Every structure is written in C-alpha cells, then in structure tokens.
file input_29.txt (compact mmCIF, C-alpha atoms)
# COMPACT_ATOMS: atom_id res chain seq x y z
CA MET A 1 -6.33 15.84 -12.58
CA SER A 2 -4.81 16.26 -9.18
CA LEU A 3 -4.21 13.40 -6.75
CA PRO A 4 -3.21 14.46 -3.23
CA ILE A 5 -0.84 11.98 -1.61
CA ASN A 6 -0.61 13.68 1.79
CA SER A 7 -0.72 17.23 3.14
CA HIS A 8 2.59 18.08 1.40
CA TRP A 9 2.71 16.01 -1.79
CA LYS A 10 0.38 15.61 -4.73
CA MET A 11 0.55 14.16 -8.21
CA GLN A 12 -0.82 16.08 -11.17
CA PHE A 13 -1.83 14.39 -14.43
CA ASN A 14 -2.49 16.55 -17.49
CA ALA A 15 -3.85 15.45 -20.85
CA GLU A 16 -3.93 18.16 -23.50
CA HIS A 17 -5.23 17.74 -27.01
CA ARG A 18 -4.93 20.39 -29.70
CA ALA A 19 -7.01 20.33 -32.86
CA ILE A 20 -7.27 22.60 -35.91
CA LEU A 21 -10.70 23.31 -37.36
CA LEU A 22 -9.50 24.93 -40.59
CA PRO A 23 -6.71 22.52 -41.56
CA GLU A 24 -6.80 23.29 -45.27
CA TRP A 25 -6.40 26.99 -44.57
CA ARG A 26 -3.31 26.13 -42.54
CA HIS A 27 -1.91 24.29 -45.54
CA SER A 28 -2.61 27.35 -47.79
CA ALA A 29 -5.56 25.89 -49.70
CA ALA A 30 -7.29 28.37 -52.02
CA GLU A 31 -10.76 27.73 -50.61
CA PRO A 32 -10.53 26.57 -47.01
CA GLU A 33 -13.30 24.46 -45.55
CA TRP A 34 -14.12 23.55 -41.97
CA GLY A 35 -12.49 20.29 -41.01
CA TYR A 36 -10.69 18.63 -38.12
CA GLU A 37 -7.00 17.94 -37.77
CA ALA A 38 -5.68 16.43 -34.57
CA GLU A 39 -2.42 18.33 -34.18
CA ARG A 40 -1.00 16.98 -30.93
CA LEU A 41 -1.65 15.12 -27.72
CA ASP A 42 0.38 15.90 -24.60
CA LEU A 43 0.40 13.62 -21.57
CA THR A 44 2.13 15.06 -18.50
CA ILE A 45 2.81 13.82 -15.02
CA PHE A 46 3.98 16.11 -12.21
CA ALA A 47 5.04 15.52 -8.63
CA SER A 48 4.32 18.63 -6.61
CA ARG A 49 5.34 19.51 -3.08
CA ARG A 50 3.65 22.26 -1.12
CA TYR A 51 5.92 24.60 0.80
CA ARG A 52 4.33 26.66 3.58
CA ILE A 53 0.77 27.69 2.84
CA ASP A 54 1.17 29.47 -0.45
CA GLN A 55 4.03 27.94 -2.44
CA SER A 56 4.71 24.77 -4.35
CA PHE A 57 7.60 23.17 -6.18
CA ALA A 58 6.86 20.75 -9.01
CA GLY A 59 8.79 18.61 -11.44
CA GLY A 60 7.20 16.93 -14.43
CA TYR A 61 7.64 14.85 -17.53
CA MET A 62 5.61 15.32 -20.71
CA LEU A 63 5.22 12.97 -23.63
CA ARG A 64 3.94 14.62 -26.83
CA PHE A 65 2.45 12.73 -29.76
CA ILE A 66 2.81 14.92 -32.86
CA ASP A 67 3.07 14.13 -36.59
CA GLN A 68 3.68 10.44 -35.88
CA ASP A 69 6.63 11.43 -33.73
CA LEU A 70 7.33 11.53 -30.01
CA VAL A 71 8.66 14.55 -28.14
CA HIS A 72 9.88 14.44 -24.52
CA ARG A 73 9.87 17.39 -22.16
CA LEU A 74 11.05 17.90 -18.58
CA ARG A 75 9.72 20.79 -16.53
CA GLN A 76 10.59 22.32 -13.16
CA GLN A 77 8.49 25.05 -11.61
CA TRP A 78 7.93 27.12 -8.51
CA THR A 79 4.59 28.81 -7.87
CA ARG A 80 3.45 31.20 -5.20
CA VAL A 81 -0.23 32.08 -4.79
CA PHE A 82 -1.18 35.36 -3.13
CA ARG A 83 -4.60 35.83 -1.54
CA GLU A 84 -5.87 39.39 -1.65
CA ARG A 85 -9.09 40.83 -0.25
CA ALA A 86 -11.23 40.11 -3.33
CA PHE A 87 -9.03 38.10 -5.72
CA ARG A 88 -6.08 35.70 -5.95
CA TRP A 89 -2.98 36.06 -8.02
CA ALA A 90 -0.02 33.81 -8.61
CA TYR A 91 3.49 33.99 -9.95
CA ARG A 92 5.03 30.95 -11.60
CA MET A 93 8.67 30.58 -12.60
CA ALA A 94 9.51 27.53 -14.67
CA ALA A 95 12.18 25.99 -16.82
CA ASP A 96 11.65 23.24 -19.37
CA GLN A 97 13.84 21.15 -21.67
CA THR A 98 12.35 19.59 -24.81
CA PHE A 99 14.01 16.70 -26.63
CA PHE A 100 13.31 15.60 -30.24
CA SER A 101 14.34 12.49 -32.13
CA ASP A 102 15.65 14.44 -35.14
CA ALA A 103 16.57 17.91 -33.85
CA ALA A 104 18.56 19.64 -31.13
CA ALA A 105 16.97 20.20 -27.74
CA ILE A 106 15.09 23.40 -26.87
CA TYR A 107 15.46 25.08 -23.47
CA ARG A 108 12.88 27.55 -22.19
CA TRP A 109 12.77 29.91 -19.20
CA ARG A 110 9.26 30.99 -18.30
CA HIS A 111 7.64 33.63 -16.07
CA ARG A 112 3.87 33.66 -15.65
CA LEU A 113 1.46 35.92 -13.79
CA THR A 114 -2.08 34.73 -13.16
CA ILE A 115 -5.02 36.60 -11.69
CA GLU A 116 -8.35 35.09 -10.67
CA ILE A 117 -11.29 37.37 -9.88
CA PRO A 118 -14.62 36.03 -8.56
CA LEU A 119 -17.73 37.37 -10.26
CA SER A 120 -19.77 36.94 -7.08
CA GLY A 121 -18.47 37.59 -3.58
CA GLN A 122 -14.88 37.89 -2.52
CA GLU A 123 -13.88 34.28 -3.15
CA VAL A 124 -14.73 31.79 -5.86
CA ASP A 125 -17.20 29.49 -4.12
CA PRO A 126 -18.94 26.40 -5.55
CA ARG A 127 -21.42 27.11 -8.37
CA GLU A 128 -19.91 30.52 -9.10
CA PHE A 129 -18.27 32.04 -12.17
CA TYR A 130 -14.90 33.77 -12.19
CA VAL A 131 -12.54 35.36 -14.67
CA LYS A 132 -8.91 34.34 -14.89
CA ALA A 133 -6.09 35.76 -16.95
CA ASN A 134 -2.59 34.43 -17.60
CA ASN A 135 0.28 36.45 -18.94
CA GLU A 136 3.42 34.47 -19.57
CA TYR A 137 6.80 35.31 -21.07
CA LEU A 138 9.05 32.58 -22.43
CA PHE A 139 12.69 32.91 -23.35
CA ILE A 140 13.59 30.16 -25.79
CA PHE A 141 17.09 28.92 -26.47
CA SER A 142 17.88 26.49 -29.27
CA ASP A 143 20.50 25.89 -31.98
CA ARG A 144 18.36 28.06 -34.24
CA SER A 145 17.90 31.73 -33.32
CA PRO A 146 16.92 32.68 -29.77
CA GLN A 147 13.22 33.43 -29.57
CA TRP A 148 10.84 34.92 -27.06
CA GLU A 149 7.16 34.37 -26.73
CA SER A 150 4.41 36.17 -24.86
CA ARG A 151 1.09 34.53 -24.06
CA TRP A 152 -2.14 36.31 -23.14
CA ILE A 153 -4.90 34.00 -21.97
CA PRO A 154 -8.18 35.54 -20.73
CA LEU A 155 -10.53 32.84 -19.42
CA LEU A 156 -14.02 32.52 -18.02
CA GLY A 157 -14.25 29.88 -15.31
CA TYR A 158 -16.99 28.08 -13.46
CA THR A 159 -16.49 26.10 -10.31
CA PHE A 160 -18.80 23.13 -9.71
CA SER A 161 -17.04 22.44 -6.42
CA ASP A 162 -13.59 23.15 -5.00
CA ARG A 163 -12.47 19.89 -6.62
CA ASN A 164 -14.06 20.41 -10.03
CA LYS A 165 -13.80 23.51 -12.19
CA ILE A 166 -13.80 24.37 -15.87
CA GLU A 167 -12.24 27.30 -17.74
CA THR A 168 -12.53 28.43 -21.33
CA GLY A 169 -11.21 31.35 -23.33
CA LEU A 170 -8.73 32.69 -25.83
CA ASP A 171 -5.07 31.72 -25.91
CA TYR A 172 -3.02 34.26 -27.86
CA ARG A 173 0.67 33.60 -28.44
CA ARG A 174 3.14 35.99 -30.03
CA THR A 175 6.52 34.54 -30.90
CA GLY A 176 9.30 36.96 -31.72
CA ARG A 177 12.15 35.71 -33.90
CA GLN A 178 15.49 37.29 -34.59
CA GLY A 179 15.60 38.55 -38.16
CA ALA A 180 12.05 37.48 -39.03
CA ASP A 181 8.46 38.64 -38.52
CA ALA A 182 6.73 37.65 -35.31
CA LEU A 183 4.33 34.73 -35.41
CA HIS A 184 0.80 35.21 -34.05
CA ASN A 185 -1.21 32.20 -32.93
CA PHE A 186 -4.77 32.21 -31.64
CA TRP A 187 -6.24 29.17 -29.94
CA TRP A 188 -9.53 28.55 -28.20
CA THR A 189 -8.87 26.67 -25.00
CA VAL A 190 -11.03 24.58 -22.64
CA GLN A 191 -9.43 23.41 -19.39
CA TRP A 192 -11.04 21.07 -16.89
CA TYR A 193 -9.52 20.66 -13.41
CA VAL A 194 -10.49 17.70 -11.24
CA SER A 195 -9.04 16.89 -7.86
CA LEU A 196 -9.51 13.43 -6.33
CA MET B 1 -36.07 21.60 5.83
CA LYS B 2 -34.14 22.53 2.67
CA GLU B 3 -31.72 24.63 4.75
CA TRP B 4 -31.23 21.70 7.13
CA ILE B 5 -30.37 19.33 4.27
CA ARG B 6 -27.92 21.86 2.81
CA TYR B 7 -26.30 22.30 6.24
CA ALA B 8 -25.99 18.51 6.74
CA ALA B 9 -24.48 18.10 3.25
CA LEU B 10 -21.98 20.87 3.98
CA MET B 11 -20.96 19.25 7.27
CA MET B 12 -20.51 15.85 5.62
CA ALA B 13 -18.43 17.34 2.77
CA ILE B 14 -16.13 19.06 5.26
CA ALA B 15 -15.88 15.98 7.50
CA ALA B 16 -14.95 13.83 4.50
CA THR B 17 -12.13 16.12 3.40
CA MET B 18 -10.60 17.12 6.73
CA PRO B 19 -7.79 15.44 8.63
CA PRO B 20 -8.28 15.34 12.42
CA LEU B 21 -7.33 18.66 14.02
CA SER B 22 -7.24 20.14 17.45
CA ALA B 23 -8.35 23.54 16.12
CA GLN B 24 -11.95 23.87 14.98
CA VAL B 25 -12.79 24.54 11.36
CA LYS B 26 -14.05 27.82 9.96
CA TYR B 27 -16.02 27.75 6.74
CA GLU B 28 -17.76 30.67 5.06
CA LYS B 29 -19.35 30.94 1.64
CA GLU B 30 -20.09 34.50 0.64
CA THR B 31 -22.36 35.34 -2.27
CA ARG B 32 -22.74 38.89 -3.47
CA ILE B 33 -26.33 40.22 -3.27
CA GLU B 34 -28.03 43.38 -4.50
CA GLU B 35 -29.07 46.05 -2.01
CA GLU B 36 -32.73 45.36 -2.87
CA GLU B 37 -32.34 41.86 -1.42
CA VAL B 38 -31.11 43.21 1.93
CA PRO B 39 -33.58 43.24 4.87
CA GLU B 40 -35.01 46.72 5.51
CA ARG B 41 -33.65 46.89 9.10
CA ALA B 42 -30.11 46.24 7.91
CA ARG B 43 -30.40 48.95 5.27
CA GLN B 44 -31.74 51.38 7.90
CA PHE B 45 -28.74 50.62 10.13
CA ILE B 46 -26.34 51.51 7.33
CA ALA B 47 -28.34 54.65 6.45
CA ARG B 48 -27.81 55.83 10.04
CA ILE B 49 -24.01 55.63 9.77
CA ALA B 50 -23.85 57.50 6.44
CA PRO B 51 -21.77 58.69 4.69
CA THR B 52 -20.03 55.41 3.81
CA LYS B 53 -18.11 54.26 0.73
CA ASN B 54 -17.69 51.04 -1.30
CA GLU B 55 -20.70 49.26 0.23
CA ASN B 56 -20.87 45.62 -0.87
CA TRP B 57 -23.57 43.27 0.43
CA TYR B 58 -23.13 39.51 0.83
CA ARG B 59 -25.15 36.52 1.95
CA GLU B 60 -22.86 34.42 4.12
CA GLN B 61 -23.36 30.72 4.68
CA ASN B 62 -21.31 29.50 7.61
CA LEU B 63 -21.40 26.50 9.93
CA LYS B 64 -23.85 28.33 12.22
CA GLY B 65 -26.33 29.27 9.52
CA VAL B 66 -26.94 32.22 7.21
CA ALA B 67 -26.09 35.87 7.81
CA ILE B 68 -26.20 39.08 5.81
CA GLU B 69 -22.95 41.02 5.73
CA VAL B 70 -21.97 44.40 4.41
CA LYS B 71 -18.39 45.44 3.84
CA LEU B 72 -17.79 49.17 3.60
CA LYS B 73 -15.37 51.99 4.20
CA LYS B 74 -16.01 54.90 6.49
CA GLU B 75 -13.50 57.68 7.05
CA GLY B 76 -10.67 55.45 5.83
CA ASP B 77 -11.56 52.47 8.06
CA ARG B 78 -12.77 49.12 6.69
CA TYR B 79 -15.81 47.65 8.42
CA SER B 80 -17.64 44.32 8.14
CA ILE B 81 -21.11 44.53 9.67
CA LYS B 82 -23.11 41.37 10.13
CA PHE B 83 -26.88 40.97 10.46
CA THR B 84 -29.31 38.08 10.85
CA GLU B 85 -31.42 37.15 7.84
CA GLU B 86 -34.16 39.32 9.37
CA GLY B 87 -31.84 42.34 9.49
CA GLU B 88 -31.07 42.31 13.21
CA ILE B 89 -27.53 43.48 13.96
CA LEU B 90 -25.09 40.76 15.08
CA ASP B 91 -21.71 42.44 15.24
CA VAL B 92 -19.47 45.18 13.88
CA GLU B 93 -15.86 44.44 12.90
CA LYS B 94 -13.23 47.04 12.06
CA GLU B 95 -9.83 46.33 10.55
CA ILE B 96 -6.96 47.62 12.62
CA ASN B 97 -3.22 47.15 12.63
CA TRP B 98 -1.04 45.51 15.27
CA LYS B 99 0.03 48.81 16.85
CA GLN B 100 -3.59 49.86 17.37
CA ILE B 101 -4.05 47.12 19.96
CA PRO B 102 -3.27 48.60 23.40
CA ALA B 103 0.13 47.53 24.75
CA GLU B 104 -1.10 45.21 27.52
CA PRO B 105 -3.44 42.97 25.48
CA ARG B 106 -0.97 43.13 22.58
CA GLU B 107 1.81 41.61 24.71
CA GLU B 108 -0.62 38.99 25.99
CA ILE B 109 -1.73 38.12 22.43
CA GLU B 110 1.87 37.89 21.30
CA GLU B 111 2.63 35.41 24.07
CA GLU B 112 -0.48 33.37 23.24
CA LEU B 113 0.42 33.27 19.52
CA GLU B 114 3.94 32.14 20.33
CA GLU B 115 2.48 29.31 22.38
CA MET B 116 -0.01 28.33 19.67
CA PHE B 117 2.38 28.33 16.71
CA ASP B 118 5.95 27.29 15.96
CA ARG B 119 6.08 30.14 13.41
CA TYR B 120 3.42 32.60 12.36
CA ARG B 121 2.66 35.69 10.32
CA ILE B 122 -0.32 37.95 11.01
CA GLU B 123 -2.45 38.48 7.88
CA LYS B 124 -5.34 40.56 9.22
CA ILE B 125 -6.61 41.97 12.53
CA GLN B 126 -10.19 42.96 13.22
CA VAL B 127 -11.68 44.30 16.40
CA GLN B 128 -15.23 43.08 16.95
CA TYR B 129 -18.04 44.63 18.98
CA ARG B 130 -21.52 43.39 19.82
CA GLY B 131 -24.37 45.31 21.40
CA SER B 132 -27.57 47.18 20.68
CA ALA B 133 -27.98 48.85 17.30
CA GLN B 134 -27.87 52.30 18.93
CA ASP B 135 -24.67 51.56 20.88
CA LEU B 136 -22.94 50.16 17.79
CA ILE B 137 -24.00 53.15 15.68
CA THR B 138 -22.60 55.47 18.37
CA TYR B 139 -19.32 53.56 18.26
CA ILE B 140 -19.05 53.77 14.45
CA GLN B 141 -20.02 57.45 14.35
CA THR B 142 -17.95 58.71 17.28
CA GLY B 143 -15.44 55.96 18.13
CA LYS B 144 -16.82 55.91 21.71
CA GLN B 145 -16.59 52.35 23.00
CA ARG B 146 -18.05 52.84 26.51
CA LYS B 147 -21.25 50.84 25.98
CA VAL B 148 -19.80 48.12 23.76
CA LYS B 149 -16.36 47.71 25.32
CA LYS B 150 -17.32 44.62 27.35
CA SER B 151 -18.08 42.70 24.16
CA MET B 152 -14.77 43.63 22.50
CA GLN B 153 -12.84 40.82 20.83
CA TYR B 154 -9.81 40.70 18.57
CA GLU B 155 -10.06 38.41 15.53
CA ILE B 156 -6.64 37.72 14.09
CA VAL B 157 -6.05 35.82 10.84
CA VAL B 158 -2.71 34.05 11.12
CA ASN B 159 -0.65 32.13 8.59
CA GLY B 160 0.86 29.73 11.08
CA LYS B 161 2.82 26.52 11.53
CA ARG B 162 1.47 24.00 14.04
CA LYS B 163 2.63 20.41 14.39
CA GLY B 164 4.88 20.84 11.37
CA LYS B 165 2.14 22.07 9.02
CA TYR B 166 1.26 25.51 7.74
CA HIS B 167 -2.40 26.55 7.61
CA LEU B 168 -4.47 29.69 7.80
CA TYR B 169 -6.14 30.21 11.21
CA GLU B 170 -8.49 32.65 12.84
CA ALA B 171 -7.54 33.21 16.47
CA THR B 172 -9.93 35.11 18.73
CA PHE B 173 -8.87 36.95 21.88
CA ASP B 174 -10.88 38.89 24.46
CA ARG B 175 -10.12 42.52 25.28
CA GLU B 176 -7.53 41.48 27.87
CA GLY B 177 -5.70 39.48 25.22
CA ASP B 178 -6.69 36.03 26.53
CA ASP B 179 -7.37 33.44 23.85
CA GLU B 180 -10.99 32.51 23.25
CA SER B 181 -10.85 30.21 20.24
CA LEU B 182 -8.71 28.99 17.37
CA GLU B 183 -10.29 27.96 14.08
CA ARG B 184 -8.57 26.64 11.00
CA ILE B 185 -9.74 28.47 7.88
CA LEU B 186 -10.49 26.19 4.95
CA THR B 187 -8.55 27.49 1.95
CA ARG B 188 -9.39 26.73 -1.66
CA ARG B 189 -7.33 24.55 -3.93
CA THR B 190 -4.78 26.23 -6.18
CA ASP B 191 -4.41 23.62 -8.95
CA ASN B 192 -5.72 26.01 -11.59
CA MET B 193 -3.17 28.66 -10.54
CA GLU B 194 -0.20 26.28 -10.60
CA PHE B 195 -0.66 24.23 -13.80
call {"tool": "encode", "arguments": {"input": "input_29.txt", "output": "structure tokens"}}
result
Amino acid sequence: MSLPINSHWKMQFNAEHRAILLPEWRHSAAEPEWGYEAERLDLTIFASRRYRIDQSFAGGYMLRFIDQDLVHRLRQQWTRVFRERAFRWAYRMAADQTFFSDAAAIYRWRHRLTIEIPLSGQEVDPREFYVKANNEYLFIFSDRSPQWESRWIPLLGYTFSDRNKIETGLDYRRTGRQGADALHNFWWTVQWYVSL
Amino acid sequence: MKEWIRYAALMMAIAATMPPLSAQVKYEKETRIEEEEVPERARQFIARIAPTKNENWYREQNLKGVAIEVKLKKEGDRYSIKFTEEGEILDVEKEINWKQIPAEPREEIEEELEEMFDRYRIEKIQVQYRGSAQDLITYIQTGKQRKVKKSMQYEIVVNGKRKGKYHLYEATFDREGDDESLERILTRRTDNMEF
C-alpha cells in the first residue's frame, strides 16, 4: 500500500504472508497430504523519495514473524523506471541487512530487472491485463558460506485503476551454496498494490 | 449518454488527483483493436499508402473524445495516423529527430524550451500535418508538403523541470517554431516496479 505524502515523498507499507500447502511433505512425511502451514509474516515500512521523473530512493524496515521468533531487516534501494514505446522496464539496486536473535547478521546485495508489457495497447490502462517479469540476483554474505541466489518471477497482472492492481504468478528461486548442491524453491505468489 | 457519463467520470477522476498547474493536462487511453473493428474509410486510407509495416490499430480515449489511431512504419519512418470514429482523417504524425527540424524553427523552439523549463530532455519529436485525405496521402507517398505545409506543427515530448518539479510534457510549436501549447502528460504509477 502506497501513501503519497507530497510530489516527492511517499510511504510504502507491505504485508507479506507465506504459507505452505504441503507441510508434511516438507517435513519428509511418507505420505504427504494437503494442509496449511503459515510459514512467515513480513511487515515492512518504506520511506521513498522520487528523484527526477523516473528514479526513486527508498529506505525501509521489515519485521518478520517466523517460527515464534522475530527477525529485523533494513533495506536501502534505488530504482529507475524506463518508459519505452510499448513497455516499461526498471532496474533496482538494493542492499539489505538482516538481524536474528540467535545468529549472525546476513548482508545481501541485490540487482533486479523488471519488465512490464501491456497485453492491450501501448500502455497498461485501467481494466487491462499485462505481463510482468522480474529477474533478480542476490549476493549473500554471512558467517556461513557466501551464497548467491537468482529469482525468476513471471507474473500476470490486471489493473483495476492506476491506484489498484493485482499480480499473480510463479516465483522460482535458485540458491547456490559453496560446496553443496543448489536449492530450488518454487512459490506461487499473489501481489496486490493499492495507492491511497 | 453513456459516453458523456464516462467522460464526466474521467474528468472528475483527473481533477481529484491533480495538483493545480499552469500547463494543461494530456490524458490518453489507448486500447488495441482488431482491423475488422476499424471504420472502412480509415482502412481505405491505409490501403492507399501501401506498402506499410507493423500496422497496429488502437481506439484512443482522450479528453476531447474518441479517435481511431493506427501506428505503422513506412520506408523506415514511424507514423501515427488519427481518424474520427467514422473513419474521417484527422491528422498524420511522423517521428523525426531534432536535426530534421529546419535550422530557423529549431533555434526558435530551443529558445522557447529554455524559457519554459529550468532543465529539460527531449524524449520524442513528431511533425504533424492536417488536411484533406488526398493531400495527406500525397505527403506520405512522396514527402511533398506543399498542400499541407500551412497546418504543420511540431509535437515535442519533453522530460522537463518546471517550478522545481520534473514531469513529462507535450509542447506544441507551429512551423515557425512559436509555441502553441504545453500539456502535462499524466504518467502511471510505478509502485509495482519499485517494490
């Protein structure tokens, strides 16, 4: 949810919930059954300042509720959105620092490319569908081994109005680890953007 | 009646979201349409300038009403050709670059832009012609401007800073380079590209 303060500043509030629909399978049960396991809830607040017409700087704080524990994360990001003839694309560079109660902090450096293509016309207008894709690379530094992660997120979006849009699709994450096999994670994601 | 209600709703939505501005506001909503939905007269116009490439048809809702627009390429040039809903030709626009504007109007436009903006960057330039269907077809086919020259206008999309704020504008100049109008282009939100 986005809350414009003035023509330069806005606040952004994110609430993200992640659930697992085959929890027994995750815990290596012999015969998995459909279920529901609330894995985490992230609440984030950002202050964002627009720079020129196409760029923004943002700083945020996230509080994560996971396994009856609390995780704190700070994030700083710069985004530039490019408007082309029949699509938009954006580059985001970010850094975040995650702090745990019982483990060393994790530092991540992130680069993300996003493309948004309207399925009707040259711009995404109200009551129109669009496709969006994110490709992000994360470099992860911690007291364990350094890791890197790539994320591929193809989404189908629908815009009710310029202030209200919804996106859904696959979120694939591949985490490479030094001296171990890569981890592959598939999530189904639904994102709802509202601007006040 | 339905069109009138839609138009009034659009005006109210824009009025509710806009800060006061000295420049007017430009709003366009383009929806892709199939060639079968295009008025016969508009299709005939395009048939007469064949061969063309990459033809895409749109229904455009703007603050003045509804228009039919085709975007196409012909001999390497990009055109936008606008018709009424009945298929009557309204105007022909061709994308050009800064150097293609003759020196005299170009200097005039540069001076005008420097007066309008504290800082600016040109994003797109189109030259626009109006006239009879036959005269516009002659211009597209041969490049001869004699019969449509009087109507010539330059439409320049500018990323510019005015009164301390950056916005996207469409500035229009006549063929001498004198400014005709300045409209602020409404840009879409980028929340879903940032977070």
call {"tool": "closest_atom_pairs", "arguments": {"input": "input_29.txt", "of": "stretch 9-89 of chain A", "to": "stretch 127-134 of chain A", "cutoff": "12 Å", "atoms": "only C-alpha atoms", "output": "tab-separated table"}}
result
residue	atom	partner	partner_atom	distance
A:Ala86	CA	A:Tyr130	CA	11.5
A:Phe87	CA	A:Tyr130	CA	9.8
A:Arg88	CA	A:Lys132	CA	9.5
A:Trp89	CA	A:Lys132	CA	9.2
call {"tool": "closest_atom_pairs", "arguments": {"input": "input_29.txt", "of": "chain B", "to": "chain A", "cutoff": "12 Å", "atoms": "all atoms listed in the file", "output": "CSV"}}
result
residue,atom,partner,partner_atom,distance
B:Leu10,CA,A:Pro126,CA,11.4
B:Ala13,CA,A:Ser161,CA,10.6
B:Ile14,CA,A:Asp162,CA,11.3
B:Thr17,CA,A:Leu196,CA,10.4
B:Met18,CA,A:Ser7,CA,10.5
B:Pro19,CA,A:Ser7,CA,9.1
B:Tyr27,CA,A:Asp125,CA,11.1
B:Glu28,CA,A:Asp125,CA,9.3
B:Lys29,CA,A:Asp125,CA,6.3
B:Glu30,CA,A:Gly121,CA,5.5
B:Thr31,CA,A:Gly121,CA,4.7
B:Arg32,CA,A:Gly121,CA,4.5
B:Ile33,CA,A:Ser120,CA,8.3
B:Glu34,CA,A:Ser120,CA,10.8
B:Asn56,CA,A:Gly121,CA,8.8
B:Trp57,CA,A:Gly121,CA,8.6
B:Tyr58,CA,A:Gly121,CA,6.7
B:Arg59,CA,A:Gly121,CA,8.7
B:Glu60,CA,A:Gly121,CA,9.4
B:Gln61,CA,A:Asp125,CA,10.8
B:Glu69,CA,A:Gly121,CA,10.9
B:Val70,CA,A:Gly121,CA,11.1
B:Lys71,CA,A:Gln122,CA,10.5
B:Arg78,CA,A:Arg85,CA,11.4
B:Arg119,CA,A:Arg52,CA,10.6
B:Tyr120,CA,A:Arg52,CA,10.6
B:Arg121,CA,A:Ile53,CA,11.1
B:Glu123,CA,A:Arg83,CA,10.0
B:Lys124,CA,A:Arg85,CA,10.2
B:Val158,CA,A:Ile53,CA,11.0
B:Asn159,CA,A:Ile53,CA,7.4
B:Gly160,CA,A:Ile53,CA,8.5
B:Lys161,CA,A:Arg52,CA,8.1
B:Arg162,CA,A:Arg52,CA,11.2
B:Gly164,CA,A:Arg52,CA,9.7
B:Lys165,CA,A:Arg52,CA,7.4
B:Tyr166,CA,A:Arg52,CA,5.3
B:His167,CA,A:Ile53,CA,5.8
B:Leu168,CA,A:Ile53,CA,7.5
B:Tyr169,CA,A:Ile53,CA,11.1
B:Ile185,CA,A:Ile53,CA,11.7
B:Leu186,CA,A:Asp162,CA,10.9
B:Thr187,CA,A:Ile53,CA,9.4
B:Arg188,CA,A:Asp162,CA,6.5
B:Arg189,CA,A:Asp162,CA,6.5
B:Thr190,CA,A:Val81,CA,7.5
B:Asp191,CA,A:Ser2,CA,7.4
B:Asn192,CA,A:Tyr193,CA,6.8
B:Met193,CA,A:Ala90,CA,6.3
B:Glu194,CA,A:Thr79,CA,6.1
B:Phe195,CA,A:Gln12,CA,8.6
call {"tool": "atom_distance", "arguments": {"input": "input_29.txt", "atom1": "atom CA of A:Gln76", "atom2": "atom CA of A:Lys10"}}
result
14.8 Å
call {"tool": "atom_distance", "arguments": {"input": "input_29.txt", "atom1": "atom CA of B:Ile122", "atom2": "atom CA of B:Arg184"}}
result
14.0 Å
call {"tool": "atom_distance", "arguments": {"input": "input_29.txt", "atom1": "atom CA of A:Ala182", "atom2": "atom CA of A:Leu22"}}
result
21.3 Å
call {"tool": "residues_around", "arguments": {"input": "input_29.txt", "residues": "A:Phe186", "least_positions_apart": "3", "cutoff": "7 Å", "atoms": "all atoms listed in the file", "output": "short mmCIF file (atom, residue, chain, number, x, y, z; two decimals) with C-alpha atoms, keeping the file's coordinate frame"}}
result
data_model
loop_
_atom_site.label_atom_id
_atom_site.label_comp_id
_atom_site.auth_asym_id
_atom_site.auth_seq_id
_atom_site.Cartn_x
_atom_site.Cartn_y
_atom_site.Cartn_z
CA ASP A 171 -5.07 31.72 -25.91
CA TYR A 172 -3.02 34.26 -27.86
CA ARG A 173 0.67 33.60 -28.44
#
